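Reproduced below: protein.cif, with mmCIF, C-alpha atoms and all ligand atoms.
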```cif
data_coords
#
loop_
_atom_site.label_atom_id
_atom_site.label_comp_id
_atom_site.auth_asym_id
_atom_site.auth_seq_id
_atom_site.Cartn_x
_atom_site.Cartn_y
_atom_site.Cartn_z
CA MET I 1 81.53 101.85 116.97
CA SER I 2 84.57 99.62 116.57
CA ALA I 3 88.00 101.01 115.79
CA ILE I 4 90.11 99.64 112.95
CA PRO I 5 93.78 99.24 113.90
CA ALA I 6 96.08 101.47 111.86
CA HIS I 7 99.04 99.14 112.20
CA VAL I 8 98.90 95.36 112.49
CA GLY I 9 101.93 93.09 112.90
CA ILE I 10 101.78 89.37 112.15
CA ILE I 11 103.99 86.56 113.44
CA MET I 12 103.35 83.98 110.72
CA ASP I 13 104.05 80.79 112.67
CA GLY I 14 103.41 77.11 112.05
CA ASN I 15 104.48 76.54 108.44
CA GLY I 16 106.74 73.65 109.41
CA ARG I 17 104.11 71.96 111.59
CA TRP I 18 101.50 72.41 108.88
CA ALA I 19 103.75 70.53 106.45
CA ARG I 20 104.72 67.82 108.94
CA GLN I 21 101.07 67.17 109.75
CA ARG I 22 100.61 66.30 106.07
CA GLY I 23 103.76 64.23 105.79
CA GLN I 24 105.38 66.91 103.64
CA ILE I 25 108.72 68.65 103.90
CA ARG I 26 108.91 71.93 105.82
CA THR I 27 109.47 74.04 102.72
CA GLN I 28 106.04 73.01 101.42
CA GLY I 29 104.64 74.80 104.47
CA HIS I 30 106.52 77.97 103.57
CA LEU I 31 105.18 77.76 100.02
CA GLU I 32 101.62 77.58 101.34
CA GLY I 33 102.49 80.29 103.86
CA LEU I 34 103.41 82.62 101.05
CA LYS I 35 99.94 82.15 99.53
CA THR I 36 98.38 83.03 102.90
CA ALA I 37 100.56 86.14 103.12
CA LYS I 38 99.33 87.31 99.70
CA ARG I 39 95.68 86.76 100.69
CA VAL I 40 96.11 88.57 104.01
CA VAL I 41 97.89 91.55 102.42
CA LYS I 42 94.92 91.90 100.06
CA ALA I 43 92.41 91.57 102.91
CA ALA I 44 94.32 94.14 104.99
CA SER I 45 94.38 96.61 102.12
CA GLU I 46 90.65 96.13 101.53
CA ALA I 47 89.93 96.54 105.25
CA GLY I 48 91.57 99.97 105.15
CA LEU I 49 94.65 99.29 107.28
CA SER I 50 97.48 101.79 106.94
CA TYR I 51 100.40 99.54 107.94
CA LEU I 52 100.96 95.80 107.98
CA THR I 53 104.24 94.37 109.30
CA LEU I 54 104.96 90.74 108.40
CA TYR I 55 107.58 88.80 110.35
CA VAL I 56 109.16 86.91 107.46
CA PHE I 57 112.61 85.98 108.74
CA SER I 58 114.18 86.66 112.11
CA THR I 59 117.81 87.24 113.09
CA GLU I 60 117.57 83.80 114.76
CA ASN I 61 116.21 81.99 111.70
CA TRP I 62 119.74 81.65 110.25
CA LYS I 63 120.12 78.67 112.62
CA ARG I 64 117.85 76.64 110.35
CA ALA I 65 119.16 74.19 107.74
CA ALA I 66 120.86 75.94 104.83
CA ASP I 67 118.39 74.60 102.26
CA GLU I 68 115.39 75.85 104.27
CA VAL I 69 116.99 79.31 104.58
CA ALA I 70 117.74 79.36 100.85
CA PHE I 71 114.14 78.32 100.11
CA ILE I 72 112.67 81.13 102.21
CA MET I 73 115.00 83.68 100.54
CA ALA I 74 113.89 82.42 97.13
CA LEU I 75 110.26 82.85 98.21
CA VAL I 76 111.00 86.41 99.27
CA ARG I 77 112.48 87.12 95.85
CA GLN I 78 109.47 85.50 94.16
CA TYR I 79 107.11 87.54 96.34
CA LEU I 80 108.86 90.84 95.63
CA ARG I 81 108.89 90.26 91.88
CA GLY I 82 105.52 88.58 91.53
CA GLU I 83 103.49 91.08 93.54
CA LEU I 84 104.83 94.28 92.00
CA ASP I 85 101.84 94.70 89.67
CA PHE I 86 99.50 94.15 92.61
CA TYR I 87 101.32 96.85 94.64
CA ARG I 88 101.12 99.24 91.70
CA GLU I 89 97.41 98.63 91.18
CA ASN I 90 96.68 99.08 94.87
CA ARG I 91 99.27 101.83 95.52
CA ILE I 92 100.88 99.67 98.21
CA ARG I 93 104.28 100.77 99.50
CA ILE I 94 106.84 98.13 100.46
CA ARG I 95 109.27 98.81 103.29
CA HIS I 96 111.85 96.85 105.19
CA ALA I 97 112.54 96.37 108.89
CA GLY I 98 115.71 94.60 109.90
CA ASP I 99 119.40 94.51 109.10
CA ALA I 100 119.71 94.68 105.30
CA GLY I 101 123.50 94.38 105.65
CA GLY I 102 123.12 90.79 106.90
CA LEU I 103 120.98 89.62 103.97
CA PRO I 104 122.31 87.85 100.86
CA VAL I 105 123.42 90.61 98.47
CA ASP I 106 120.87 89.71 95.76
CA ILE I 107 117.95 89.70 98.23
CA ALA I 108 119.04 93.02 99.73
CA LYS I 109 119.11 94.45 96.19
CA GLU I 110 115.63 93.10 95.31
CA LEU I 111 114.28 94.53 98.54
CA ARG I 112 115.91 97.91 98.00
CA GLU I 113 114.48 98.07 94.48
CA ALA I 114 110.97 97.09 95.60
CA CYS I 115 111.10 99.78 98.30
CA GLU I 116 112.36 102.32 95.73
CA ASP I 117 109.76 101.36 93.08
CA THR I 118 106.88 101.77 95.53
CA ARG I 119 108.14 104.64 97.70
CA ASP I 120 105.67 107.23 96.37
CA PHE I 121 102.60 105.02 96.76
CA THR I 122 100.21 106.39 99.31
CA GLY I 123 98.06 103.30 100.00
CA MET I 124 98.78 100.73 102.69
CA GLN I 125 102.40 100.16 103.68
CA VAL I 126 103.63 96.57 103.94
CA ILE I 127 106.71 96.29 106.11
CA LEU I 128 108.67 93.09 105.57
CA ALA I 129 110.57 92.19 108.72
CA LEU I 130 113.46 90.33 107.17
CA ASN I 131 116.62 89.51 109.08
CA TYR I 132 114.73 91.31 111.83
CA GLY I 133 115.14 90.97 115.58
CA GLY I 134 113.74 93.40 118.13
CA ARG I 135 116.91 93.28 120.23
CA ASP I 136 119.07 93.69 117.13
CA GLU I 137 117.02 96.73 116.06
CA ILE I 138 117.51 98.32 119.50
CA ILE I 139 121.27 97.62 119.50
CA ARG I 140 121.63 98.99 115.96
CA GLY I 141 119.61 102.02 117.10
CA ILE I 142 121.96 102.61 120.04
CA ARG I 143 124.95 102.43 117.70
CA LYS I 144 123.35 104.98 115.31
CA LEU I 145 122.57 107.28 118.23
CA LEU I 146 126.12 107.08 119.59
CA ALA I 147 127.63 107.63 116.14
CA GLU I 148 125.49 110.73 115.73
CA ARG I 149 126.21 112.07 119.21
CA GLY I 150 129.99 111.97 119.01
CA GLY I 151 131.01 108.70 120.66
CA PRO I 152 130.18 106.68 123.76
CA ASP I 153 131.44 109.26 126.28
CA SER I 154 128.98 112.02 125.48
CA PRO I 155 125.58 110.73 124.44
CA GLY I 156 123.76 113.35 126.57
CA GLU I 157 120.22 112.81 127.79
CA ILE I 158 118.28 110.07 125.98
CA ARG I 159 114.50 110.21 126.18
CA GLU I 160 112.12 107.65 124.67
CA ALA I 161 111.10 110.05 121.92
CA ASP I 162 114.79 110.67 121.06
CA PHE I 163 115.55 106.99 120.80
CA ARG I 164 112.57 106.29 118.54
CA ARG I 165 114.32 108.26 115.81
CA TYR I 166 116.94 105.52 115.56
CA LEU I 167 114.57 102.63 114.97
CA ASP I 168 114.39 101.07 111.50
CA ASN I 169 111.24 102.99 110.48
CA PRO I 170 110.94 105.91 112.89
CA ASP I 171 107.93 107.45 111.15
CA LEU I 172 105.70 104.38 111.61
CA PRO I 173 103.13 104.39 114.40
CA ASP I 174 103.47 101.57 116.92
CA PRO I 175 101.50 98.42 116.05
CA ASP I 176 98.02 98.47 117.57
CA LEU I 177 97.51 94.75 117.15
CA ILE I 178 99.90 91.82 116.84
CA ILE I 179 98.47 88.58 115.48
CA ARG I 180 100.30 85.33 116.04
CA THR I 181 99.34 81.98 114.53
CA ALA I 182 100.03 78.40 115.66
CA GLY I 183 98.96 79.03 119.23
CA GLU I 184 102.28 80.14 120.71
CA MET I 185 102.19 82.76 123.47
CA ARG I 186 105.53 84.47 122.84
CA THR I 187 106.81 87.65 121.24
CA SER I 188 109.80 85.85 119.63
CA ASN I 189 111.81 89.09 119.40
CA PHE I 190 109.17 90.82 117.22
CA LEU I 191 108.78 94.63 117.48
CA LEU I 192 110.02 94.69 121.08
CA TRP I 193 110.18 98.47 121.36
CA GLU I 194 107.24 99.30 119.11
CA GLY I 195 104.94 96.59 120.45
CA ALA I 196 105.07 97.73 124.09
CA TYR I 197 101.33 98.44 124.14
CA ALA I 198 100.14 96.32 121.24
CA GLU I 199 97.11 94.14 121.77
CA TYR I 200 97.84 90.48 121.07
CA TRP I 201 95.55 88.07 119.25
CA VAL I 202 96.60 84.45 118.98
CA SER I 203 95.09 81.98 116.54
CA GLU I 204 95.44 78.23 117.06
CA LYS I 205 95.64 77.74 113.30
CA PHE I 206 98.92 77.16 111.51
CA TRP I 207 99.77 80.07 109.22
CA PRO I 208 98.95 78.25 105.93
CA ASP I 209 95.43 77.59 107.28
CA PHE I 210 94.84 81.19 108.40
CA THR I 211 92.11 82.80 106.29
CA GLU I 212 90.91 86.28 105.38
CA ASP I 213 87.96 85.64 107.72
CA ASP I 214 90.33 84.87 110.59
CA PHE I 215 92.11 88.13 109.87
CA LYS I 216 88.80 90.01 109.83
CA ALA I 217 87.81 88.35 113.11
CA ALA I 218 91.04 89.57 114.73
CA ILE I 219 90.39 93.10 113.48
CA ALA I 220 86.79 92.99 114.73
CA GLN I 221 87.86 91.66 118.13
CA PHE I 222 90.46 94.44 118.40
CA GLY I 223 87.59 96.94 118.09
CA GLN I 224 86.13 95.56 121.33
CA ARG I 225 89.31 95.91 123.38
CA GLU I 226 89.75 98.70 125.87
CA ARG I 227 93.28 100.12 125.65
CA ARG I 228 94.55 101.89 128.73
CA TYR I 229 98.29 102.23 128.07
CA GLY I 230 99.03 101.74 131.75
CA GLY I 231 96.26 104.09 132.87
CA ALA I 232 93.23 103.14 134.95
CA ASN I 233 89.61 102.51 134.05
CA SER I 234 87.60 105.74 134.05
C1 LIG B 1 107.33 80.33 110.65
O1 LIG B 1 106.94 78.98 110.57
C2 LIG B 1 107.56 80.88 109.33
C3 LIG B 1 108.75 81.35 108.84
C4 LIG B 1 109.98 81.39 109.63
C5 LIG B 1 108.87 81.81 107.46
C6 LIG B 1 107.80 82.76 107.03
C7 LIG B 1 107.84 82.87 105.57
C8 LIG B 1 106.77 82.87 104.77
C9 LIG B 1 105.38 82.79 105.23
C10 LIG B 1 106.97 82.94 103.30
C11 LIG B 1 107.48 84.27 102.83
C12 LIG B 1 106.50 85.37 103.02
C13 LIG B 1 106.63 86.59 102.47
C14 LIG B 1 105.61 87.61 102.70
C15 LIG B 1 107.78 86.93 101.58
P1 LIG B 1 107.92 77.86 111.17
O2 LIG B 1 108.78 77.37 110.05
O3 LIG B 1 108.68 78.42 112.32
O4 LIG B 1 106.89 76.80 111.62
P2 LIG B 1 107.07 75.74 112.81
O5 LIG B 1 107.15 76.55 114.08
O6 LIG B 1 105.81 74.94 112.73
O7 LIG B 1 108.31 74.96 112.53
#
```
Please lay out the structure from this file as C-alpha cells.
Ligand code: FPP
Amino acid sequence: MSAIPAHVGIIMDGNGRWARQRGQIRTQGHLEGLKTAKRVVKAASEAGLSYLTLYVFSTENWKRAADEVAFIMALVRQYLRGELDFYRENRIRIRHAGDAGGLPVDIAKELREACEDTRDFTGMQVILALNYGGRDEIIRGIRKLLAERGGPDSPGEIREADFRRYLDNPDLPDPDLIIRTAGEMRTSNFLLWEGAYAEYWVSEKFWPDFTEDDFKAAIAQFGQRERRYGGANS
C-alpha cells in the first residue's frame, strides 16, 4: 500500500528559462507558470492532499528587475481574485507563509482577505509562500520568542517543540515531500526548519511544462520511499 503525503511543498522553478527557450520575455513564463499552479492545485485537491505549499516569491526575489517583480505581484492578485469561486466550491483554505509586512500594501490586503474569506473551509489548505525565506522565518520566529519571553537576557530553555510555535504556521505538519522543477538540486531557502526530513523529488521539466501526471508520479514515487528520520533500517 502506498502512502499519500499529507503536505507537499513545491519550488516552482524554470519560468524564465521556459520563456527564453521560446524567444519570449520572462514574464510570459510566469503567466504560463500561473496556469500550471492552478492545474496542480486542482490535482492536489483531487488526490486528497491536506496541505500544499507553493513557493511563489522569495525574500531574495526582490533583486529581480522592478517590472518582473510588479508582474509577479499582479499575477498573485489575479490568482487570489480569480480562484476564489474555485476555493469556495472545493472548500480550499488559503494561507500565507512569509513576511506580510514586506509586501506591497495592496497585495498584503488581498492576501489577508483571501485568508479571511476561506478560513473556515475544511478542505485542502494552500499555503502561498510569498516574501518567504526559510532563514527570515527563523529570525522572525526568534524575535517573536524573545519578545514573548521578556527580552534577550532571559529566554530560558528553548526546545525544538517550543520554537516551532513561533514559525509562520505552527499548526501545519512538516512537508512530507518537496517537489522542485527545472532540475536544480537546491533548497533555495524554502521551508528550512519544516523541511528537515522532507523527501525531495526533482523534475527536469520547467514549471510551465509540469503536468498533473508529473505531480501524480511524484506522489506515487513518494509512496515507495522508506522514511527513517535518522533511524536505522529494521
Ligand atoms: C521561478 O522561476 C518562479 C518564480 C520566482 C515565480 C513563481 C510565480 C508563479 C508561478 C506565478 C504565481 C503563482 C501563484 C500561485 C500566485 P524563475 O523565474 O526563477 O525561472 P528561471 O530560474 O528559469 O529564471
* Could you state the separation of CA of Leu80 (chain I) and CA of His96 (chain I) in Å, given to one decimal place? ->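 CA of His96 (chain I) lies 11.7 Å from CA of Leu80 (chain I).
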* Name each residue within 8 Å of ligand LIG 1 (chain B), counting all atoms listed in the file, as a PyMOL selection string. => chain I and resi 11-19+26+29-38+54-58+61+72-73+75-80+128+182+206-208
* For each of I:Leu167, I:Ala47, I:Ala198, I:Ile179, take the minimum atom-to-atom distance to Phe210 (chain I), counting only C-alpha atoms, then give the residue where this is smallest. => I:Ile179
* Name the residues in contact with region 138-142 of chain I at a cut-off of 9 Å, using only C-alpha atoms, excluding same-chain residues fewer than 4 positions from it; report them as an MDAnalysis selection string. => chainID I and resid 99 133:134 146:147 163:168 192:193
Mind dumping the selected residues with C-alpha atoms as an mmCIF file, in the coordinates of the input?
```
data_model
loop_
_atom_site.group_PDB
_atom_site.id
_atom_site.type_symbol
_atom_site.label_atom_id
_atom_site.label_comp_id
_atom_site.auth_asym_id
_atom_site.auth_seq_id
_atom_site.Cartn_x
_atom_site.Cartn_y
_atom_site.Cartn_z
ATOM 1 C CA ASP I 99 119.400 94.510 109.100
ATOM 2 C CA GLY I 133 115.140 90.970 115.580
ATOM 3 C CA GLY I 134 113.740 93.400 118.130
ATOM 4 C CA LEU I 146 126.120 107.080 119.590
ATOM 5 C CA ALA I 147 127.630 107.630 116.140
ATOM 6 C CA PHE I 163 115.550 106.990 120.800
ATOM 7 C CA ARG I 164 112.570 106.290 118.540
ATOM 8 C CA ARG I 165 114.320 108.260 115.810
ATOM 9 C CA TYR I 166 116.940 105.520 115.560
ATOM 10 C CA LEU I 167 114.570 102.630 114.970
ATOM 11 C CA ASP I 168 114.390 101.070 111.500
ATOM 12 C CA LEU I 192 110.020 94.690 121.080
ATOM 13 C CA TRP I 193 110.180 98.470 121.360
#
```
* Asked: Any idea what the distance is between CA of Thr53 (chain I) and CA of Glu89 (chain I)?
  ->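 That distance, rounded to one decimal, is 19.8 Å.
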* Asked: Please, which residues are within 6 Å of (115.1, 95.8, 108.3) by the file's coordinates, counting all atoms listed in the file, and could they come as a PyMOL selection string?
  -> chain I and resi 96-100+129-130+132
Store the residues picked out above in a file with C-alpha atoms, as a short mmCIF file (atom, residue, chain, number, x, y, z; two decimals), keeping the file's coordinate frame.
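What follows is the written file part_33.cif:
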```cif
data_model
loop_
_atom_site.label_atom_id
_atom_site.label_comp_id
_atom_site.auth_asym_id
_atom_site.auth_seq_id
_atom_site.Cartn_x
_atom_site.Cartn_y
_atom_site.Cartn_z
CA HIS I 96 111.85 96.85 105.19
CA ALA I 97 112.54 96.37 108.89
CA GLY I 98 115.71 94.60 109.90
CA ASP I 99 119.40 94.51 109.10
CA ALA I 100 119.71 94.68 105.30
CA ALA I 129 110.57 92.19 108.72
CA LEU I 130 113.46 90.33 107.17
CA TYR I 132 114.73 91.31 111.83
#
```
* Asked: Which is closer to Ala74 (chain I) than all the others in I:Pro175, I:Pro104, I:Gly223, I:Pro5, using all atoms listed in the file?
  ->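 Closest to Ala74 (chain I), using all atoms listed in the file: I:Pro104.
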Give, as lines of an AutoDock Vina configuration file, the centre coordinates and the x, y and z edge lengths in Å to one decimal for an axis-aligned box around all listed atoms of region 87-95 of chain I, padded by 4 Å on each side.
```
center_x = 103.0
center_y = 99.3
center_z = 97.2
size_x = 20.6
size_y = 13.0
size_z = 20.1
```
* I:Leu111, I:Leu145, I:Leu191, I:Ile10 ranked by distance to Asp162 (chain I), top pick (using all atoms listed in the file) ->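 Once distances to Asp162 (chain I) are computed over all atoms listed in the file, the minimum belongs to I:Leu145.
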* Just how far from CA of Asp213 (chain I) is CA of Cys115 (chain I), in Å to one decimal? ->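 Pair CA of Cys115 (chain I) / CA of Asp213 (chain I) returns 28.7 Å.
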* Asked: For Thr59 (chain I), which residue among I:Thr27, I:Gln125, I:Ser203, I:Ser188 is the nearest when counting only C-alpha atoms?
  -> I:Ser188
* Have a look at I:Glu204, I:Asp117, I:Asp67, I:Glu46 and name the one nearest to Ile25 (chain I); count only C-alpha atoms. => I:Asp67
* To do: Give the answer as one residue: which of I:Asp153, I:Asp85, I:Asp171, I:Glu194 has the shortest atom-to-atom distance to Glu137 (chain I), using all atoms listed in the file?
  =>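 Looking only at the distances to Glu137 (chain I), the closest residue turns out to be I:Glu194.
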